[in-house]
file my_file-v7.cif (mmCIF, N, CA and C atoms)
data_model
loop_
_atom_site.group_PDB
_atom_site.id
_atom_site.type_symbol
_atom_site.label_atom_id
_atom_site.label_comp_id
_atom_site.auth_asym_id
_atom_site.auth_seq_id
_atom_site.Cartn_x
_atom_site.Cartn_y
_atom_site.Cartn_z
ATOM 1 N N MET L 1 12.437 3.872 6.094
ATOM 2 C CA MET L 1 11.649 4.596 5.127
ATOM 3 C C MET L 1 11.179 3.623 4.043
ATOM 4 N N VAL L 2 9.903 3.729 3.720
ATOM 5 C CA VAL L 2 9.313 2.895 2.684
ATOM 6 C C VAL L 2 8.650 3.812 1.659
ATOM 7 N N GLU L 3 9.015 3.645 0.396
ATOM 8 C CA GLU L 3 8.354 4.377 -0.672
ATOM 9 C C GLU L 3 7.099 3.598 -1.057
ATOM 10 N N ILE L 4 5.951 4.249 -0.948
ATOM 11 C CA ILE L 4 4.679 3.643 -1.300
ATOM 12 C C ILE L 4 4.248 4.257 -2.626
ATOM 13 N N ARG L 5 3.976 3.388 -3.612
ATOM 14 C CA ARG L 5 3.491 3.874 -4.904
ATOM 15 C C ARG L 5 2.047 3.421 -5.061
ATOM 16 N N TYR L 6 1.194 4.369 -5.432
ATOM 17 C CA TYR L 6 -0.236 4.124 -5.569
ATOM 18 C C TYR L 6 -0.621 4.118 -7.043
ATOM 19 N N PHE L 7 -1.587 3.280 -7.384
ATOM 20 C CA PHE L 7 -2.030 3.173 -8.768
ATOM 21 C C PHE L 7 -3.550 3.246 -8.845
ATOM 22 N N ALA L 8 -4.030 3.733 -9.984
ATOM 23 C CA ALA L 8 -5.458 3.742 -10.343
ATOM 24 C C ALA L 8 -6.309 4.365 -9.234
ATOM 25 N N ALA L 9 -7.348 3.679 -8.810
ATOM 26 C CA ALA L 9 -8.323 4.234 -7.865
ATOM 27 C C ALA L 9 -7.697 4.616 -6.534
ATOM 28 N N ILE L 10 -6.698 3.873 -6.087
ATOM 29 C CA ILE L 10 -6.053 4.214 -4.813
ATOM 30 C C ILE L 10 -5.335 5.560 -4.944
ATOM 31 N N ALA L 11 -4.644 5.788 -6.033
ATOM 32 C CA ALA L 11 -3.981 7.081 -6.255
ATOM 33 C C ALA L 11 -5.006 8.206 -6.270
ATOM 34 N N ASP L 12 -6.165 7.955 -6.862
ATOM 35 C CA ASP L 12 -7.220 8.978 -6.887
ATOM 36 C C ASP L 12 -7.700 9.314 -5.480
ATOM 37 N N VAL L 13 -7.884 8.299 -4.657
ATOM 38 C CA VAL L 13 -8.404 8.521 -3.303
ATOM 39 C C VAL L 13 -7.396 9.258 -2.427
ATOM 40 N N VAL L 14 -6.116 8.863 -2.486
ATOM 41 C CA VAL L 14 -5.123 9.511 -1.625
ATOM 42 C C VAL L 14 -4.614 10.823 -2.224
ATOM 43 N N GLY L 15 -4.892 11.043 -3.516
ATOM 44 C CA GLY L 15 -4.526 12.311 -4.132
ATOM 45 C C GLY L 15 -3.068 12.440 -4.533
ATOM 46 N N LYS L 16 -2.390 11.316 -4.673
ATOM 47 C CA LYS L 16 -0.978 11.335 -5.085
ATOM 48 C C LYS L 16 -0.620 9.967 -5.630
ATOM 49 N N ASP L 17 0.502 9.896 -6.322
ATOM 50 C CA ASP L 17 0.896 8.591 -6.861
ATOM 51 C C ASP L 17 2.026 7.947 -6.076
ATOM 52 N N ARG L 18 2.577 8.667 -5.094
ATOM 53 C CA ARG L 18 3.622 8.080 -4.251
ATOM 54 C C ARG L 18 3.851 8.941 -3.022
ATOM 55 N N GLU L 19 4.389 8.310 -2.012
ATOM 56 C CA GLU L 19 4.846 9.021 -0.827
ATOM 57 C C GLU L 19 5.814 8.112 -0.082
ATOM 58 N N THR L 20 6.557 8.692 0.840
ATOM 59 C CA THR L 20 7.507 7.936 1.653
ATOM 60 C C THR L 20 7.063 8.035 3.103
ATOM 61 N N LEU L 21 6.992 6.870 3.759
ATOM 62 C CA LEU L 21 6.553 6.808 5.150
ATOM 63 C C LEU L 21 7.576 6.043 5.979
ATOM 64 N N ASP L 22 7.639 6.366 7.260
ATOM 65 C CA ASP L 22 8.521 5.662 8.190
ATOM 66 C C ASP L 22 7.794 4.461 8.780
ATOM 67 N N PHE L 23 8.454 3.315 8.764
ATOM 68 C CA PHE L 23 7.946 2.100 9.391
ATOM 69 C C PHE L 23 9.105 1.420 10.106
ATOM 70 N N PRO L 24 8.810 0.686 11.171
ATOM 71 C CA PRO L 24 9.874 -0.105 11.799
ATOM 72 C C PRO L 24 10.333 -1.225 10.859
ATOM 73 N N ASP L 25 11.496 -1.772 11.130
ATOM 74 C CA ASP L 25 12.075 -2.799 10.262
ATOM 75 C C ASP L 25 11.190 -4.035 10.120
ATOM 76 N N ASP L 26 10.386 -4.338 11.120
ATOM 77 C CA ASP L 26 9.566 -5.552 11.083
ATOM 78 C C ASP L 26 8.128 -5.286 10.635
ATOM 79 N N ALA L 27 7.882 -4.138 10.006
ATOM 80 C CA ALA L 27 6.520 -3.767 9.584
ATOM 81 C C ALA L 27 6.026 -4.684 8.468
ATOM 82 N N THR L 28 4.700 -4.828 8.424
ATOM 83 C CA THR L 28 4.050 -5.715 7.463
ATOM 84 C C THR L 28 3.036 -4.942 6.619
ATOM 85 N N VAL L 29 2.463 -5.644 5.643
ATOM 86 C CA VAL L 29 1.390 -5.062 4.836
ATOM 87 C C VAL L 29 0.225 -4.644 5.744
ATOM 88 N N ALA L 30 -0.066 -5.410 6.769
ATOM 89 C CA ALA L 30 -1.125 -5.034 7.713
ATOM 90 C C ALA L 30 -0.812 -3.695 8.383
ATOM 91 N N ASP L 31 0.441 -3.481 8.753
ATOM 92 C CA ASP L 31 0.843 -2.196 9.344
ATOM 93 C C ASP L 31 0.671 -1.064 8.339
ATOM 94 N N LEU L 32 1.022 -1.322 7.091
ATOM 95 C CA LEU L 32 0.827 -0.320 6.036
ATOM 96 C C LEU L 32 -0.650 0.038 5.917
ATOM 97 N N ARG L 33 -1.514 -0.960 5.851
ATOM 98 C CA ARG L 33 -2.950 -0.709 5.730
ATOM 99 C C ARG L 33 -3.464 0.107 6.911
ATOM 100 N N THR L 34 -3.038 -0.236 8.115
ATOM 101 C CA THR L 34 -3.467 0.502 9.307
ATOM 102 C C THR L 34 -3.036 1.961 9.224
ATOM 103 N N THR L 35 -1.796 2.184 8.848
ATOM 104 C CA THR L 35 -1.274 3.546 8.750
ATOM 105 C C THR L 35 -2.033 4.349 7.690
ATOM 106 N N LEU L 36 -2.269 3.740 6.548
ATOM 107 C CA LEU L 36 -2.977 4.458 5.481
ATOM 108 C C LEU L 36 -4.417 4.761 5.874
ATOM 109 N N ALA L 37 -5.075 3.845 6.553
ATOM 110 C CA ALA L 37 -6.444 4.100 7.018
ATOM 111 C C ALA L 37 -6.467 5.238 8.040
ATOM 112 N N GLU L 38 -5.445 5.309 8.885
ATOM 113 C CA GLU L 38 -5.353 6.406 9.854
ATOM 114 C C GLU L 38 -5.129 7.737 9.144
ATOM 115 N N CYS L 39 -4.333 7.728 8.082
ATOM 116 C CA CYS L 39 -4.019 8.958 7.349
ATOM 117 C C CYS L 39 -5.158 9.426 6.448
ATOM 118 N N TYR L 40 -5.836 8.485 5.793
ATOM 119 C CA TYR L 40 -6.786 8.835 4.738
ATOM 120 C C TYR L 40 -8.230 8.442 5.038
ATOM 121 N N GLY L 41 -8.471 7.864 6.197
ATOM 122 C CA GLY L 41 -9.831 7.530 6.582
ATOM 123 C C GLY L 41 -10.126 6.043 6.478
ATOM 124 N N PRO L 42 -11.022 5.554 7.331
ATOM 125 C CA PRO L 42 -11.305 4.118 7.401
ATOM 126 C C PRO L 42 -11.913 3.544 6.124
ATOM 127 N N ASP L 43 -12.564 4.371 5.312
ATOM 128 C CA ASP L 43 -13.118 3.847 4.059
ATOM 129 C C ASP L 43 -12.026 3.356 3.118
ATOM 130 N N LEU L 44 -10.836 3.931 3.235
ATOM 131 C CA LEU L 44 -9.734 3.486 2.386
ATOM 132 C C LEU L 44 -9.382 2.036 2.682
ATOM 133 N N ASP L 45 -9.502 1.606 3.934
ATOM 134 C CA ASP L 45 -9.137 0.232 4.268
ATOM 135 C C ASP L 45 -9.998 -0.786 3.521
ATOM 136 N N LYS L 46 -11.238 -0.443 3.240
ATOM 137 C CA LYS L 46 -12.092 -1.343 2.457
ATOM 138 C C LYS L 46 -11.499 -1.549 1.064
ATOM 139 N N MET L 47 -10.961 -0.494 0.495
ATOM 140 C CA MET L 47 -10.319 -0.608 -0.816
ATOM 141 C C MET L 47 -9.004 -1.375 -0.703
ATOM 142 N N LEU L 48 -8.238 -1.096 0.339
ATOM 143 C CA LEU L 48 -6.941 -1.749 0.508
ATOM 144 C C LEU L 48 -7.094 -3.254 0.724
ATOM 145 N N ALA L 49 -8.228 -3.659 1.277
ATOM 146 C CA ALA L 49 -8.461 -5.084 1.542
ATOM 147 C C ALA L 49 -8.526 -5.911 0.257
ATOM 148 N N VAL L 50 -8.876 -5.287 -0.852
ATOM 149 C CA VAL L 50 -8.973 -6.023 -2.121
ATOM 150 C C VAL L 50 -7.776 -5.759 -3.034
ATOM 151 N N CYS L 51 -6.822 -5.001 -2.561
ATOM 152 C CA CYS L 51 -5.631 -4.692 -3.348
ATOM 153 C C CYS L 51 -4.618 -5.823 -3.268
ATOM 154 N N ALA L 52 -3.754 -5.863 -4.262
ATOM 155 C CA ALA L 52 -2.542 -6.674 -4.214
ATOM 156 C C ALA L 52 -1.392 -5.703 -3.921
ATOM 157 N N TYR L 53 -0.324 -6.243 -3.377
ATOM 158 C CA TYR L 53 0.826 -5.437 -2.992
ATOM 159 C C TYR L 53 2.072 -6.039 -3.620
ATOM 160 N N LEU L 54 2.788 -5.218 -4.371
ATOM 161 C CA LEU L 54 4.065 -5.655 -4.908
ATOM 162 C C LEU L 54 5.116 -5.258 -3.887
ATOM 163 N N VAL L 55 5.607 -6.263 -3.168
ATOM 164 C CA VAL L 55 6.561 -6.072 -2.078
ATOM 165 C C VAL L 55 7.882 -6.662 -2.561
ATOM 166 N N GLY L 56 8.816 -5.788 -2.867
ATOM 167 C CA GLY L 56 10.031 -6.269 -3.514
ATOM 168 C C GLY L 56 9.651 -6.772 -4.899
ATOM 169 N N ASP L 57 9.947 -8.036 -5.168
ATOM 170 C CA ASP L 57 9.601 -8.644 -6.461
ATOM 171 C C ASP L 57 8.414 -9.586 -6.341
ATOM 172 N N GLU L 58 7.758 -9.594 -5.178
ATOM 173 C CA GLU L 58 6.682 -10.556 -4.939
ATOM 174 C C GLU L 58 5.327 -9.859 -4.863
ATOM 175 N N LEU L 59 4.386 -10.350 -5.650
ATOM 176 C CA LEU L 59 3.013 -9.857 -5.605
ATOM 177 C C LEU L 59 2.271 -10.662 -4.540
ATOM 178 N N THR L 60 1.644 -9.967 -3.591
ATOM 179 C CA THR L 60 1.013 -10.653 -2.477
ATOM 180 C C THR L 60 -0.267 -9.962 -2.043
ATOM 181 N N ARG L 61 -1.109 -10.713 -1.384
ATOM 182 C CA ARG L 61 -2.267 -10.179 -0.667
ATOM 183 C C ARG L 61 -2.164 -10.526 0.818
ATOM 184 N N ASP L 62 -1.063 -11.134 1.202
ATOM 185 C CA ASP L 62 -0.842 -11.598 2.570
ATOM 186 C C ASP L 62 -0.552 -10.419 3.492
ATOM 187 N N PRO L 63 -1.431 -10.163 4.477
ATOM 188 C CA PRO L 63 -1.203 -9.027 5.371
ATOM 189 C C PRO L 63 0.035 -9.186 6.248
ATOM 190 N N SER L 64 0.554 -10.411 6.373
ATOM 191 C CA SER L 64 1.740 -10.611 7.203
ATOM 192 C C SER L 64 3.050 -10.479 6.420
ATOM 193 N N ALA L 65 2.951 -10.173 5.118
ATOM 194 C CA ALA L 65 4.163 -9.997 4.309
ATOM 195 C C ALA L 65 4.958 -8.800 4.814
ATOM 196 N N ALA L 66 6.249 -8.990 4.948
ATOM 197 C CA ALA L 66 7.133 -7.918 5.430
ATOM 198 C C ALA L 66 7.296 -6.850 4.352
ATOM 199 N N LEU L 67 7.310 -5.595 4.793
ATOM 200 C CA LEU L 67 7.523 -4.488 3.859
ATOM 201 C C LEU L 67 8.978 -4.452 3.411
ATOM 202 N N THR L 68 9.187 -3.945 2.210
ATOM 203 C CA THR L 68 10.510 -3.724 1.646
ATOM 204 C C THR L 68 10.645 -2.218 1.404
ATOM 205 N N PRO L 69 11.797 -1.753 0.945
ATOM 206 C CA PRO L 69 11.962 -0.309 0.750
ATOM 207 C C PRO L 69 10.974 0.320 -0.226
ATOM 208 N N ARG L 70 10.370 -0.492 -1.117
ATOM 209 C CA ARG L 70 9.335 0.047 -2.001
ATOM 210 C C ARG L 70 8.181 -0.947 -2.067
ATOM 211 N N VAL L 71 6.965 -0.413 -1.945
ATOM 212 C CA VAL L 71 5.753 -1.228 -2.018
ATOM 213 C C VAL L 71 4.790 -0.544 -2.980
ATOM 214 N N ASP L 72 4.278 -1.317 -3.939
ATOM 215 C CA ASP L 72 3.263 -0.808 -4.861
ATOM 216 C C ASP L 72 1.894 -1.303 -4.403
ATOM 217 N N VAL L 73 0.942 -0.404 -4.334
ATOM 218 C CA VAL L 73 -0.432 -0.741 -3.954
ATOM 219 C C VAL L 73 -1.252 -0.812 -5.255
ATOM 220 N N LEU L 74 -1.725 -2.017 -5.566
ATOM 221 C CA LEU L 74 -2.371 -2.283 -6.854
ATOM 222 C C LEU L 74 -3.822 -2.697 -6.662
ATOM 223 N N PRO L 75 -4.751 -1.807 -6.946
ATOM 224 C CA PRO L 75 -6.157 -2.192 -6.851
ATOM 225 C C PRO L 75 -6.510 -3.145 -7.985
ATOM 226 N N PRO L 76 -7.641 -3.843 -7.860
ATOM 227 C CA PRO L 76 -8.059 -4.707 -8.972
ATOM 228 C C PRO L 76 -8.265 -3.861 -10.226
ATOM 229 N N PHE L 77 -7.824 -4.401 -11.337
ATOM 230 C CA PHE L 77 -7.974 -3.692 -12.613
ATOM 231 C C PHE L 77 -9.019 -4.408 -13.453
ATOM 232 N N ALA L 78 -9.843 -3.650 -14.101
ATOM 233 C CA ALA L 78 -10.792 -4.234 -15.063
ATOM 234 C C ALA L 78 -10.085 -4.318 -16.399
ATOM 235 N N GLY L 79 -10.201 -5.437 -17.041
ATOM 236 C CA GLY L 79 -9.520 -5.601 -18.322
ATOM 237 C C GLY L 79 -10.538 -5.862 -19.424
ATOM 238 N N GLY L 80 -10.092 -5.735 -20.635
ATOM 239 C CA GLY L 80 -11.025 -5.946 -21.711
ATOM 240 C C GLY L 80 -10.458 -6.572 -22.888
#
call {"tool": "encode", "arguments": {"input": "my_file-v7.cif", "output": "structure tokens"}}
result
Amino acid sequence: MVEIRYFAAIADVVGKDRETLDFPDDATVADLRTTLAECYGPDLDKMLAVCAYLVGDELTRDPSAALTPRVDVLPPFAGG
């Protein structure tokens, strides 16, 4: 089980700020993206491609990064 936390525009698109999904032990960020695109539509994958992922304590964009029990999906933020 992996707790996925969504922020900003991604939370708006999926309609929630978190959910728990089942993944095999060797699942990666690429597997997460595939699953989310299957659940919420292929247009979401375009957004996920520019997101960063907080996997454990590591911020990554690497699709081969292994999932941990909690993953944060962080879209690009505009700052001012």
call {"tool": "residues_around", "arguments": {"input": "my_file-v7.cif", "residues": "range 25-28 of chain L", "least_positions_apart": "4", "cutoff": "7 Å", "atoms": "all atoms listed in the file", "output": "ChimeraX atom specification"}}
result
/L:32-33,63-67
call {"tool": "select_by_dssp", "arguments": {"input": "my_file-v7.cif", "residues": "chain L", "states": "alpha helix (DSSP H)", "output": "PyMOL selection string"}}
result
chain L and resi 8-14+29-40+42-48
call {"tool": "closest_residue", "arguments": {"input": "my_file-v7.cif", "among": "L:Leu21, L:Val14, L:Leu74, L:Val2", "to": "Val50 in chain L", "atoms": "all atoms listed in the file"}}
result
L:Leu74
call {"tool": "atom_distance", "arguments": {"input": "my_file-v7.cif", "atom1": "atom N of Gly56 in chain L", "atom2": "atom C of Leu44 in chain L"}}
result
20.6 Å
call {"tool": "residues_around", "arguments": {"input": "my_file-v7.cif", "residues": "Asp62 in chain L", "least_positions_apart": "3", "cutoff": "9 Å", "atoms": "only C-alpha atoms", "output": "number ranges by chain"}}
result
L: 29-30, 52-53, 65
call {"tool": "write_last_selection", "arguments": {"input": "my_file-v7.cif", "atoms": "N, CA and C atoms", "output": "CSV table (one decimal), in the frame of the given file"}}
result
chain,number,residue,atom,x,y,z
L,29,VAL,N,2.5,-5.6,5.6
L,29,VAL,CA,1.4,-5.1,4.8
L,29,VAL,C,0.2,-4.6,5.7
L,30,ALA,N,-0.1,-5.4,6.8
L,30,ALA,CA,-1.1,-5.0,7.7
L,30,ALA,C,-0.8,-3.7,8.4
L,52,ALA,N,-3.8,-5.9,-4.3
L,52,ALA,CA,-2.5,-6.7,-4.2
L,52,ALA,C,-1.4,-5.7,-3.9
L,53,TYR,N,-0.3,-6.2,-3.4
L,53,TYR,CA,0.8,-5.4,-3.0
L,53,TYR,C,2.1,-6.0,-3.6
L,65,ALA,N,3.0,-10.2,5.1
L,65,ALA,CA,4.2,-10.0,4.3
L,65,ALA,C,5.0,-8.8,4.8
call {"tool": "atom_distance", "arguments": {"input": "my_file-v7.cif", "atom1": "atom N of Thr20 in chain L", "atom2": "atom N of Tyr6 in chain L"}}
result
9.3 Å
call {"tool": "closest_residue", "arguments": {"input": "my_file-v7.cif", "among": "L:Arg5, L:Lys46, L:Arg70, L:Arg61", "to": "Asp17 in chain L", "atoms": "only N, CA and C atoms"}}
result
L:Arg5
call {"tool": "atom_distance", "arguments": {"input": "my_file-v7.cif", "atom1": "atom N of Asp72 in chain L", "atom2": "atom N of Ile4 in chain L"}}
result
6.5 Å
call {"tool": "closest_residue", "arguments": {"input": "my_file-v7.cif", "among": "L:Ala37, L:Met1, L:Val71, L:Val13", "to": "Asp57 in chain L", "atoms": "only C-alpha atoms"}}
result
L:Val71
call {"tool": "select_by_dssp", "arguments": {"input": "my_file-v7.cif", "residues": "range 16-73 of chain L", "states": "strand (DSSP E)", "output": "list in words"}}
result
Arg18, Glu19, Thr20, Leu21, Ala52, Tyr53, Leu54, Val55, Glu58, Leu59, Thr60, Arg70, Val71, Asp72 and Val73 of chain L
call {"tool": "axis_aligned_box", "arguments": {"input": "my_file-v7.cif", "around": "range 65-68 of chain L", "padding_each_side": "5 Å", "output": "JSON"}}
result
{"center_x": 6.8, "center_y": -6.2, "center_z": 3.4, "size_x": 17.7, "size_y": 18.0, "size_z": 14.0}
